[in-house]
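Trainee: The structure is given below, and queries will be raised subsequently.
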Amino acid sequence: MKVVCTENSQVLATRLAKILRTPVVDVQFSRFPDGEQYLVAGDLDDETIIVGSVMGNDALVQLLLLVDACDNSVNRLVLPYMAYARQDKRFRQGEPISARAVAQALSRGVSDVITVNIHEKEILKYFSVPAQNISLAGDIGAYIRTLHLDKPLILAPDDGALAFAEQVASANGWDFDHLEKTRLSGSEVRMAPRQLCAASRSVVIVDDIISTGGTIATATGMLYQQGAKDVYAACVHGVLTGGAYVRLMATGIRDVICSDTIERACSKISAADRIASAIRRP
Ligand code: R5P
């Protein structure tokens, strides 16, 4: 077995390979003069673990090319982050189900898929090969324990993330709740006033994705207005697009923590252990 990865999943893939005690295949990445991507993978094995977060269009194409380059082996695809997963339904006539289109494209040439906190578990059915999802809720809880906060309140920014907040909180005996969010545009959210027990408490807002940071920034401002002692944010996928980290730090948030499904300077939690366990599972 060997591990091979796209450019943006090098750290996670190397951590995973170390746990699995297996080598990482060297891949040369380049572009043609017109911008088209090109790659050459080194010596592969009969079984290849392909690790590639899809953060955008370039990453998607690179992953498709890498899977194709590995066509002499049995390929297991680790998809730590899957862009387009939030368009998982046809909300109005004429729209694509983008999650389905991406899942179907990525099913070609692989034997199975492992995702990490995929935005909606229903998306797994769009892969045409067996697909399983693992959760980093326990790892986020473990990281929060290292902050030594006094009985933190774990908050989901909306009811969709409540189950995740519960997973983070309940194993540690912490309170959890959710805020109510109305999305005004791609980058703006409004939190409806809600009675929270945030006064004088440490609050950790947990979500699967921080993208523009609008959700967390609004929630943080609201919680400080309600007298929260300190506010942290923890997510699995730190997309952090368009200056999101700077915007969040300007709110007075104590810290923003994410995992290495997307490799960032604030990636303080690794998905590698959980992925390795999923790979080893019969
Ligand atoms: C939405 O359903 C997701 O779980 C996140 O809450 C959302 O993607 C966060 O987006 P943003 O950081 O742009 O507010």
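Labels used: A, B, ... for chains in the order of the structure tokens, numbers from 1 for residues in each chain, and numbers from 1 for ligands as shown.
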Residues at most 7 Å from ligand 1, using only C-alpha atoms and all ligand atoms? Could they come as a ChimeraX atom specification?

Mentor: /A:86,119,157,160-161,186-187,189,207-216

Trainee: Hey, what's within 12 Å of A:Asn57 if we count only C-alpha atoms and toss same-chain stuff fewer than 6 positions away? As a PyMOL selection string, please?

Mentor: chain A and resi 36-37+63-64+82-84+102

Trainee: Using DSSP assignments from the backbone, pull out every residue in stretch 5-203 of chain A that falls under helix (DSSP H, G or I) and give it to me as a PyMOL selection string.

Mentor: chain A and resi 7-20+57-69+98-107+121-126+137-145+159-170

Trainee: Quick one: contact table of stretch 37-112 of chain A to stretch 256-265 of chain A, 7 Å max, nearest atom pair and distance in Å to one decimal per residue, counting only C-alpha atoms, chain and number order, as CSV?

Mentor:
residue,atom,partner,partner_atom,distance
A:Ser53,CA,A:Thr261,CA,6.7
A:Pro80,CA,A:Thr261,CA,4.9
A:Tyr81,CA,A:Thr261,CA,5.8

Trainee: Write out as a list of chain:residue names which residues come within 8 Å of stretch 68-77 of chain A when counting only C-alpha atoms, dropping same-chain ones fewer than 6 positions away.

Mentor: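 Here the qualifying residues turn out to be A:Val40, A:Ala41, A:Leu44, A:Asp45, A:Asp46, A:Glu47, A:Thr48, A:Ile49, A:Ile50, A:Val51, A:Gly52, A:Gly109, A:Val110, A:Ser111, A:Asp112, A:Val113, A:Ile114.
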
Trainee: Where in stretch 127-257 of chain A does DSSP assign strand (DSSP E), given as a PyMOL selection string?

Mentor: chain A and resi 131-134+153-156+175-178+180-183+189-192+202-210+230-238+255-257

Trainee: If we count only C-alpha atoms, what is near A:Ala17 at a cut-off of 9 Å, once residues fewer than 4 positions away on the same chain are taken out, given as a list in words?

Mentor: Lys2, Val3, Leu12, Ala13, Arg21, Thr22, Pro23, Val24, Ala272 and Ala276 of chain A

Trainee: Take the residues that were just selected and, keeping C-alpha atoms, output them as a short mmCIF file (atom, residue, chain, number, x, y, z; two decimals), in the first residue's frame.

Mentor:
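Done, and the output landed in selection.cif:
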data_model
loop_
_atom_site.label_atom_id
_atom_site.label_comp_id
_atom_site.auth_asym_id
_atom_site.auth_seq_id
_atom_site.Cartn_x
_atom_site.Cartn_y
_atom_site.Cartn_z
CA LYS A 2 1.19 3.53 -0.80
CA VAL A 3 -0.25 6.98 -0.22
CA LEU A 12 -2.47 15.36 5.99
CA ALA A 13 -1.32 12.66 3.55
CA ARG A 21 3.74 3.06 8.06
CA THR A 22 3.66 3.34 4.31
CA PRO A 23 5.47 5.57 1.80
CA VAL A 24 4.12 8.67 0.08
CA ALA A 272 -5.09 11.52 10.08
CA ALA A 276 -6.18 5.64 9.28
#
